[in-house]
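One file, structure00.cif, is given below (mmCIF, C-alpha atoms).
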```
data_model
loop_
_atom_site.label_atom_id
_atom_site.label_comp_id
_atom_site.auth_asym_id
_atom_site.auth_seq_id
_atom_site.Cartn_x
_atom_site.Cartn_y
_atom_site.Cartn_z
CA MET A 26 82.46 94.11 105.87
CA THR A 27 85.59 91.94 106.00
CA THR A 28 83.61 88.76 106.59
CA GLN A 29 81.02 89.62 103.97
CA ILE A 30 83.64 90.24 101.32
CA GLY A 31 85.41 87.03 102.17
CA LYS A 32 82.25 84.92 102.19
CA ALA A 33 80.79 86.38 99.03
CA LYS A 34 83.93 85.95 97.00
CA ARG A 35 85.58 82.86 98.44
CA GLY A 36 86.31 80.37 95.67
CA SER A 37 86.19 82.95 92.87
CA ARG A 38 89.10 82.97 90.43
CA LEU A 39 89.78 86.70 90.47
CA GLY A 40 92.68 86.50 88.09
CA ASP A 41 90.65 84.78 85.36
CA ASP A 42 90.03 86.49 82.03
CA SER A 43 86.28 85.89 81.89
CA LYS A 44 84.24 89.11 81.89
CA PRO A 45 81.92 88.25 84.83
CA GLU A 46 84.86 87.54 87.12
CA ARG A 47 86.68 90.72 86.09
CA LEU A 48 83.55 92.69 87.00
CA GLU A 49 83.32 90.80 90.28
CA SER A 50 86.93 91.63 91.10
CA SER A 51 86.25 95.29 90.35
CA SER A 52 83.31 95.23 92.77
CA ILE A 53 85.51 93.78 95.51
CA ALA A 54 88.16 96.42 94.84
CA ALA A 55 85.52 99.13 95.25
CA GLN A 56 84.44 97.69 98.61
CA VAL A 57 88.03 97.41 99.84
CA HIS A 58 88.68 100.97 98.64
CA ASP A 59 85.65 102.34 100.52
CA VAL A 60 86.60 100.63 103.79
CA LEU A 61 90.22 101.76 103.61
CA MET A 62 89.22 105.30 102.66
CA GLU A 63 86.95 105.58 105.71
CA ARG A 64 89.73 104.26 107.94
CA ILE A 65 92.13 106.85 106.53
CA LEU A 66 89.64 109.72 106.85
CA ASP A 67 88.79 108.63 110.40
CA MET A 68 92.55 108.54 111.22
CA GLU A 69 92.15 104.89 112.21
CA LEU A 70 94.94 104.44 109.67
CA PRO A 71 97.20 107.40 110.52
CA PRO A 72 99.71 109.06 108.20
CA PHE A 73 102.77 106.95 107.38
CA GLU A 74 101.00 103.72 108.41
CA GLU A 75 102.29 100.86 106.26
CA LEU A 76 99.67 99.07 104.15
CA SER A 77 100.67 95.54 103.26
CA GLU A 78 98.86 94.05 100.28
CA ALA A 79 99.26 90.57 101.71
CA ARG A 80 97.98 91.52 105.16
CA LEU A 81 94.99 93.43 103.76
CA ALA A 82 94.14 90.59 101.37
CA ALA A 83 94.12 88.18 104.32
CA GLU A 84 92.03 90.56 106.42
CA PHE A 85 89.40 91.00 103.71
CA GLY A 86 89.50 87.37 102.62
CA VAL A 87 90.28 88.26 98.99
CA SER A 88 93.18 87.96 96.57
CA ARG A 89 95.83 90.67 96.33
CA THR A 90 94.52 91.92 92.96
CA PRO A 91 91.49 93.88 94.25
CA VAL A 92 93.59 95.18 97.14
CA ARG A 93 96.18 96.45 94.66
CA GLU A 94 93.42 98.11 92.61
CA ALA A 95 91.96 99.75 95.72
CA LEU A 96 95.36 101.10 96.78
CA ALA A 97 96.00 102.47 93.28
CA ARG A 98 92.68 104.34 93.40
CA LEU A 99 93.51 105.74 96.85
CA ALA A 100 96.88 106.85 95.52
CA ARG A 101 95.20 108.79 92.72
CA ARG A 102 93.18 110.60 95.40
CA GLY A 103 96.35 111.47 97.31
CA LEU A 104 95.41 109.33 100.31
CA VAL A 105 98.20 106.74 100.03
CA ASP A 106 101.72 106.85 98.66
CA ILE A 107 102.96 103.85 96.66
CA LEU A 108 106.73 103.84 97.02
CA PRO A 109 108.66 101.70 94.50
CA GLN A 110 110.64 98.93 96.20
CA ARG A 111 109.42 100.19 99.60
CA GLY A 112 105.69 99.43 99.73
CA THR A 113 102.59 101.52 100.37
CA VAL A 114 101.94 103.95 103.24
CA VAL A 115 99.09 106.26 104.21
CA SER A 116 99.93 109.71 102.85
CA PRO A 117 100.95 112.35 105.39
CA LEU A 118 98.80 115.43 105.80
CA SER A 119 99.78 118.13 103.34
CA GLU A 120 99.05 121.78 104.00
CA ALA A 121 99.13 122.41 100.25
CA LEU A 122 96.52 119.72 99.56
CA ILE A 123 94.35 120.90 102.45
CA ALA A 124 94.43 124.47 101.10
CA LYS A 125 93.62 123.21 97.60
CA SER A 126 90.75 121.13 98.98
CA ARG A 127 89.28 124.14 100.78
CA PHE A 128 89.65 126.33 97.68
CA ILE A 129 87.79 123.85 95.46
CA ARG A 130 85.10 123.28 98.06
CA GLU A 131 84.52 127.01 98.49
CA ALA A 132 84.32 127.49 94.72
CA LEU A 133 81.53 124.90 94.59
CA GLU A 134 79.63 125.57 97.81
CA ARG A 135 79.38 129.35 97.76
CA PRO A 136 77.32 129.40 94.53
CA LEU A 137 75.22 126.54 95.93
CA ALA A 138 74.47 128.56 99.07
CA ARG A 139 73.44 131.57 96.98
CA LEU A 140 71.06 129.46 94.90
CA ALA A 141 69.74 127.70 98.00
CA ALA A 142 68.88 131.08 99.54
CA GLU A 143 66.84 131.91 96.46
CA LYS A 144 65.10 128.54 96.13
CA LEU A 145 64.75 127.18 99.70
CA THR A 146 61.48 125.27 100.12
CA PRO A 147 59.65 124.62 103.40
CA GLU A 148 60.40 120.91 103.05
CA ILE A 149 64.18 121.34 102.82
CA GLU A 150 64.11 124.07 105.47
CA ALA A 151 62.53 121.55 107.85
CA LEU A 152 65.20 118.97 107.04
CA LEU A 153 68.00 121.48 107.60
CA THR A 154 66.45 122.52 110.92
CA ARG A 155 66.27 118.87 111.94
CA GLU A 156 69.97 118.36 111.18
CA VAL A 157 70.97 121.36 113.29
CA ALA A 158 68.88 120.00 116.18
CA LEU A 159 70.59 116.62 115.79
CA GLN A 160 73.98 118.30 115.80
CA HIS A 161 73.17 119.92 119.16
CA THR A 162 72.34 116.47 120.51
CA PHE A 163 75.48 114.83 119.12
CA ALA A 164 77.67 117.66 120.43
CA ASN A 165 76.13 117.27 123.90
CA LEU A 166 76.90 113.55 123.71
CA THR A 167 80.39 114.21 122.28
CA ASP A 168 79.44 111.83 119.49
CA ASP A 169 81.76 113.11 116.79
CA GLN A 170 81.03 110.32 114.29
CA SER A 171 77.28 110.99 114.29
CA PHE A 172 78.01 114.70 114.25
CA LEU A 173 80.11 114.36 111.10
CA ALA A 174 77.42 112.30 109.39
CA SER A 175 74.85 115.01 110.17
CA ASP A 176 77.26 117.69 108.96
CA GLU A 177 77.49 115.85 105.62
CA ARG A 178 73.70 115.71 105.35
CA PHE A 179 73.41 119.42 106.17
CA HIS A 180 75.69 120.46 103.34
CA ALA A 181 74.18 117.94 100.93
CA LEU A 182 70.75 119.43 101.66
CA ILE A 183 72.05 122.88 100.70
CA ALA A 184 73.08 121.43 97.34
CA LYS A 185 69.62 119.88 97.02
CA ALA A 186 67.96 123.19 97.87
CA ALA A 187 70.03 124.83 95.14
CA GLY A 188 68.75 122.31 92.62
CA PHE A 189 72.07 120.51 92.20
CA GLU A 190 71.82 117.55 94.56
CA SER A 191 74.21 115.39 92.52
CA ILE A 192 76.98 117.99 92.73
CA TRP A 193 77.56 116.95 96.33
CA ASP A 194 79.49 113.95 94.97
CA ASP A 195 81.95 116.42 93.42
CA VAL A 196 82.19 118.34 96.69
CA ARG A 197 82.88 115.12 98.62
CA GLU A 198 85.62 114.24 96.15
CA ALA A 199 87.24 117.63 96.69
CA LYS A 200 87.19 117.65 100.47
CA PHE A 201 88.96 114.42 101.43
CA HIS A 202 92.04 116.23 102.70
CA MET A 203 89.97 118.70 104.72
CA ASP A 204 88.09 115.76 106.23
CA ARG A 205 91.26 114.22 107.63
CA VAL A 206 92.02 117.44 109.51
CA ARG A 207 88.43 117.75 110.69
CA ARG A 208 88.58 114.28 112.26
CA LEU A 209 91.33 115.63 114.51
CA SER A 210 89.70 118.99 115.28
CA LEU A 211 86.23 117.59 115.98
CA LEU A 212 87.38 115.57 118.96
CA SER A 213 86.67 118.72 120.96
CA GLN A 214 83.09 119.24 122.13
CA GLU A 215 83.73 122.98 122.10
CA HIS A 216 84.61 122.84 118.40
CA MET A 217 81.47 120.86 117.61
CA PHE A 218 79.32 123.56 119.22
CA PHE A 219 81.29 126.19 117.30
CA ILE A 220 80.35 124.46 114.03
CA VAL A 221 76.71 124.18 115.12
CA ARG A 222 76.61 127.94 115.62
CA GLU A 223 78.01 128.44 112.13
CA HIS A 224 75.37 126.08 110.72
CA GLU A 225 72.66 128.01 112.56
CA ASP A 226 73.89 131.23 110.99
CA ILE A 227 73.90 129.67 107.52
CA LEU A 228 70.38 128.34 108.07
CA GLU A 229 69.07 131.72 109.20
CA ARG A 230 70.48 133.34 106.06
CA LEU A 231 68.87 130.68 103.88
CA LYS A 232 65.50 131.01 105.64
CA ALA A 233 65.62 134.79 105.12
CA HIS A 234 66.45 134.24 101.42
CA ASP A 235 69.49 136.42 102.06
CA VAL A 236 71.68 135.57 99.07
CA GLU A 237 74.66 137.73 100.01
CA GLY A 238 74.44 136.71 103.66
CA ALA A 239 74.35 133.02 102.77
CA ASP A 240 77.42 133.48 100.59
CA ARG A 241 79.34 135.21 103.40
CA SER A 242 78.27 132.67 106.02
CA ILE A 243 79.33 129.64 104.00
CA ALA A 244 82.67 131.31 103.16
CA VAL A 245 83.39 131.94 106.85
CA HIS A 246 82.33 128.39 107.70
CA LEU A 247 84.63 126.82 105.12
CA THR A 248 87.68 128.74 106.35
CA SER A 249 87.23 127.54 109.94
CA VAL A 250 89.25 124.39 109.32
CA MET A 251 92.17 126.51 108.13
CA HIS A 252 92.15 128.37 111.46
CA GLU A 253 92.45 125.00 113.17
CA LEU A 254 95.31 123.86 110.96
CA ASP A 255 98.11 125.56 112.92
CA VAL A 256 96.82 124.12 116.19
CA ILE A 257 96.60 120.62 114.73
CA HIS A 258 100.04 120.95 113.17
CA ALA A 259 101.48 121.89 116.56
CA ARG A 260 99.77 118.94 118.25
CA HIS A 261 100.58 116.37 115.58
CA PRO A 262 103.70 117.43 113.65
CA GLU A 263 104.38 113.75 112.96
CA TYR A 264 101.30 113.62 110.70
CA PHE A 265 102.50 116.30 108.28
CA THR A 266 104.93 116.41 105.40
CA ARG A 267 107.19 119.32 104.57
CA ASP A 268 106.98 118.50 100.87
CA ALA A 269 104.08 120.45 99.28
CA LYS A 270 101.90 118.45 96.92
CA SER A 271 99.81 119.92 94.13
#
```
Please rewrite the model in this file as structure tokens.
Amino acid sequence: MTTQIGKAKRGSRLGDDSKPERLESSSIAAQVHDVLMERILDMELPPFEELSEARLAAEFGVSRTPVREALARLARRGLVDILPQRGTVVSPLSEALIAKSRFIREALERPLARLAAEKLTPEIEALLTREVALQHTFANLTDDQSFLASDERFHALIAKAAGFESIWDDVREAKFHMDRVRRLSLLSQEHMFFIVREHEDILERLKAHDVEGADRSIAVHLTSVMHELDVIHARHPEYFTRDAKS
């Protein structure tokens, strides 16, 4: 990604006022944003890590302008803190933001699960079953990255079964802060298998067209990360802030 950005944009005058170049700069900023966001969610960039505009611009082979735009967008999502006269750092984990993230996600996903139980088709049932089988494989291999990707597809398929496939973008936006915690908790193979069992229960409720059961199962599943929060806080107190955000 770094090389591609650098090669594609080398020689462009990103600070120019012409419309095509402003659009080009915006595209670069989006790419830089996406790479940095994944690094933050994966804990490759841990809380309180300093993010130098100059260093990132050199790494990506771009000017500082798209880097600044990317950092501003990450700040709006609560993933970085821009400190006047002090620079930019990766935001610490916030219990308040994690709780808010779970609340919003539950408010969106529980109705989706109820609708999915009513409308599940054989085609989507087969895709959900495939994802659960893949998750067993990834858990056996302790492949947490592939496991997380399959977990995303599983929940996106529930939204599709409900008839609101595009709403998954809203769910993803809401769950960034939960995702950071999950990256820490999913290092355990035991926890991966625990999540697979929860997915199996959700799938069984959907296959039975059990609306109330699907609602309960998804609610239990979405609170699991909160049960892990105290453990993670004890293991990594340096990642958390005492100041509650809202």
For segment 117-129 of chain A: contacts at 7 Å, all atoms listed in the file, fewer than 2 positions along chain excluded, given as a VMD selection string: chain A and resid 72 to 73 115 131 to 133 199 to 200 202 to 203 247 264 to 266 269 to 271
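Using all atoms listed in the file, the nearest neighbour of Gly188 of chain A within the list A:Ala95, A:Leu140, A:Leu159, A:Leu209 is A:Leu140.
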Residues selected by the PyMOL selection byres ((chain A and resi 223) around 12), written as a VMD selection string: chain A and resid 157 160 176 179 216 to 222 224 to 230 239 241 to 249
Output check: residues returned by the PyMOL selection byres ((chain A and resi 187) around 9), as a ChimeraX atom specification: /A:136-145,182-186,188-190
A:Leu99, A:Ala233, A:Leu108, A:Ala82 ranked by distance to Pro147 of chain A, top pick (using all atoms listed in the file):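 Comparing A:Leu99, A:Ala233, A:Leu108, A:Ala82 against Pro147 of chain A, the winner is A:Ala233.
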Computed interatomic separation between atom CA of Arg208 of chain A and atom CA of Ile65 of chain A (Å): 10.0 Å
One-decimal distance in Å that lies between atom CA of Val196 of chain A and atom CA of Leu70 of chain A: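 Interatomic distance, atom CA of Leu70 of chain A to atom CA of Val196 of chain A: 22.9 Å.
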Between atom CA of Arg260 of chain A and atom CA of Arg64 of chain A, distance in Å (one decimal): 20.6 Å
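Considering the residues A:Leu76, A:Ala259, A:Met62, A:Ala164 and counting only C-alpha atoms, Ile107 of chain A has its shortest atom-to-atom contact with A:Leu76.
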Residues matched by the PyMOL selection byres ((chain A and resi 94) around 12), written as a PyMOL selection string: chain A and resi 47+50-59+78+82+88-93+95-101+107
Non-local contacts of Ser171 of chain A (12 Å; all atoms listed in the file; under 2 positions in same chain excluded) as a PyMOL selection string: chain A and resi 156+159-169+173-178+208+211+217
Can I get segment 133-144 of chain A with all heavy atoms filled in, as a PDB file, in the coordinates of the input?
```
ATOM      1  N   LEU A 133      82.764 125.613  94.879  1.00  0.00           N
ATOM      2  CA  LEU A 133      81.530 124.900  94.590  1.00  0.00           C
ATOM      3  C   LEU A 133      80.391 125.282  95.535  1.00  0.00           C
ATOM      4  O   LEU A 133      79.244 125.466  95.116  1.00  0.00           O
ATOM      5  CB  LEU A 133      81.771 123.384  94.678  1.00  0.00           C
ATOM      6  CG  LEU A 133      82.666 122.763  93.597  1.00  0.00           C
ATOM      7  CD1 LEU A 133      82.996 121.323  93.947  1.00  0.00           C
ATOM      8  CD2 LEU A 133      81.977 122.826  92.237  1.00  0.00           C
ATOM      9  N   GLU A 134      80.702 125.417  96.820  1.00  0.00           N
ATOM     10  CA  GLU A 134      79.630 125.570  97.810  1.00  0.00           C
ATOM     11  C   GLU A 134      79.092 126.994  97.932  1.00  0.00           C
ATOM     12  O   GLU A 134      77.926 127.184  98.292  1.00  0.00           O
ATOM     13  CB  GLU A 134      80.083 125.057  99.174  1.00  0.00           C
ATOM     14  CG  GLU A 134      80.194 123.544  99.235  1.00  0.00           C
ATOM     15  CD  GLU A 134      80.034 123.016 100.634  1.00  0.00           C
ATOM     16  OE1 GLU A 134      78.924 123.145 101.214  1.00  0.00           O
ATOM     17  OE2 GLU A 134      81.019 122.486 101.160  1.00  0.00           O
ATOM     18  N   ARG A 135      79.905 127.983  97.661  1.00  0.00           N
ATOM     19  CA  ARG A 135      79.380 129.350  97.760  1.00  0.00           C
ATOM     20  C   ARG A 135      78.269 129.605  96.740  1.00  0.00           C
ATOM     21  O   ARG A 135      77.197 130.135  97.107  1.00  0.00           O
ATOM     22  CB  ARG A 135      80.502 130.372  97.645  1.00  0.00           C
ATOM     23  CG  ARG A 135      81.390 130.417  98.879  1.00  0.00           C
ATOM     24  CD  ARG A 135      82.477 131.452  98.779  1.00  0.00           C
ATOM     25  NE  ARG A 135      81.945 132.819  98.779  1.00  0.00           N
ATOM     26  CZ  ARG A 135      82.717 133.907  98.744  1.00  0.00           C
ATOM     27  NH1 ARG A 135      84.033 133.781  98.700  1.00  0.00           N
ATOM     28  NH2 ARG A 135      82.169 135.101  98.750  1.00  0.00           N
ATOM     29  N   PRO A 136      78.442 129.237  95.470  1.00  0.00           N
ATOM     30  CA  PRO A 136      77.320 129.400  94.530  1.00  0.00           C
ATOM     31  C   PRO A 136      76.104 128.557  94.915  1.00  0.00           C
ATOM     32  O   PRO A 136      74.960 128.990  94.710  1.00  0.00           O
ATOM     33  CB  PRO A 136      77.901 128.934  93.191  1.00  0.00           C
ATOM     34  CG  PRO A 136      79.377 129.075  93.342  1.00  0.00           C
ATOM     35  CD  PRO A 136      79.660 128.771  94.778  1.00  0.00           C
ATOM     36  N   LEU A 137      76.351 127.364  95.484  1.00  0.00           N
ATOM     37  CA  LEU A 137      75.220 126.540  95.930  1.00  0.00           C
ATOM     38  C   LEU A 137      74.439 127.237  97.033  1.00  0.00           C
ATOM     39  O   LEU A 137      73.204 127.206  97.048  1.00  0.00           O
ATOM     40  CB  LEU A 137      75.724 125.179  96.420  1.00  0.00           C
ATOM     41  CG  LEU A 137      76.272 124.218  95.363  1.00  0.00           C
ATOM     42  CD1 LEU A 137      76.855 122.980  96.033  1.00  0.00           C
ATOM     43  CD2 LEU A 137      75.175 123.816  94.385  1.00  0.00           C
ATOM     44  N   ALA A 138      75.153 127.863  97.970  1.00  0.00           N
ATOM     45  CA  ALA A 138      74.470 128.560  99.070  1.00  0.00           C
ATOM     46  C   ALA A 138      73.646 129.728  98.539  1.00  0.00           C
ATOM     47  O   ALA A 138      72.529 129.991  99.014  1.00  0.00           O
ATOM     48  CB  ALA A 138      75.497 129.047 100.094  1.00  0.00           C
ATOM     49  N   ARG A 139      74.179 130.443  97.557  1.00  0.00           N
ATOM     50  CA  ARG A 139      73.440 131.570  96.980  1.00  0.00           C
ATOM     51  C   ARG A 139      72.148 131.084  96.324  1.00  0.00           C
ATOM     52  O   ARG A 139      71.076 131.665  96.523  1.00  0.00           O
ATOM     53  CB  ARG A 139      74.314 132.308  95.960  1.00  0.00           C
ATOM     54  CG  ARG A 139      75.540 132.970  96.552  1.00  0.00           C
ATOM     55  CD  ARG A 139      76.404 133.618  95.468  1.00  0.00           C
ATOM     56  NE  ARG A 139      75.722 134.771  94.893  1.00  0.00           N
ATOM     57  CZ  ARG A 139      75.854 136.014  95.347  1.00  0.00           C
ATOM     58  NH1 ARG A 139      76.650 136.263  96.378  1.00  0.00           N
ATOM     59  NH2 ARG A 139      75.203 137.013  94.778  1.00  0.00           N
ATOM     60  N   LEU A 140      72.255 130.007  95.555  1.00  0.00           N
ATOM     61  CA  LEU A 140      71.060 129.460  94.900  1.00  0.00           C
ATOM     62  C   LEU A 140      70.074 128.900  95.920  1.00  0.00           C
ATOM     63  O   LEU A 140      68.858 129.048  95.770  1.00  0.00           O
ATOM     64  CB  LEU A 140      71.468 128.362  93.917  1.00  0.00           C
ATOM     65  CG  LEU A 140      72.111 128.833  92.611  1.00  0.00           C
ATOM     66  CD1 LEU A 140      72.686 127.644  91.852  1.00  0.00           C
ATOM     67  CD2 LEU A 140      71.085 129.580  91.748  1.00  0.00           C
ATOM     68  N   ALA A 141      70.610 128.256  96.967  1.00  0.00           N
ATOM     69  CA  ALA A 141      69.740 127.700  98.000  1.00  0.00           C
ATOM     70  C   ALA A 141      68.954 128.803  98.703  1.00  0.00           C
ATOM     71  O   ALA A 141      67.780 128.625  99.056  1.00  0.00           O
ATOM     72  CB  ALA A 141      70.562 126.909  99.007  1.00  0.00           C
ATOM     73  N   ALA A 142      69.586 129.961  98.912  1.00  0.00           N
ATOM     74  CA  ALA A 142      68.880 131.080  99.540  1.00  0.00           C
ATOM     75  C   ALA A 142      67.732 131.568  98.669  1.00  0.00           C
ATOM     76  O   ALA A 142      66.688 132.008  99.173  1.00  0.00           O
ATOM     77  CB  ALA A 142      69.861 132.226  99.806  1.00  0.00           C
ATOM     78  N   GLU A 143      67.903 131.495  97.371  1.00  0.00           N
ATOM     79  CA  GLU A 143      66.840 131.910  96.460  1.00  0.00           C
ATOM     80  C   GLU A 143      65.703 130.892  96.398  1.00  0.00           C
ATOM     81  O   GLU A 143      64.533 131.261  96.300  1.00  0.00           O
ATOM     82  CB  GLU A 143      67.405 132.085  95.041  1.00  0.00           C
ATOM     83  CG  GLU A 143      68.365 133.250  94.883  1.00  0.00           C
ATOM     84  CD  GLU A 143      68.929 133.330  93.471  1.00  0.00           C
ATOM     85  OE1 GLU A 143      68.603 132.436  92.651  1.00  0.00           O
ATOM     86  OE2 GLU A 143      69.684 134.276  93.178  1.00  0.00           O
ATOM     87  N   LYS A 144      66.060 129.587  96.463  1.00  0.00           N
ATOM     88  CA  LYS A 144      65.100 128.540  96.130  1.00  0.00           C
ATOM     89  C   LYS A 144      64.617 127.715  97.332  1.00  0.00           C
ATOM     90  O   LYS A 144      63.833 126.783  97.142  1.00  0.00           O
ATOM     91  CB  LYS A 144      65.731 127.571  95.129  1.00  0.00           C
ATOM     92  CG  LYS A 144      66.155 128.208  93.816  1.00  0.00           C
ATOM     93  CD  LYS A 144      66.774 127.151  92.901  1.00  0.00           C
ATOM     94  CE  LYS A 144      67.146 127.714  91.556  1.00  0.00           C
ATOM     95  NZ  LYS A 144      67.702 126.665  90.661  1.00  0.00           N
TER      96      LYS A 144
END
```
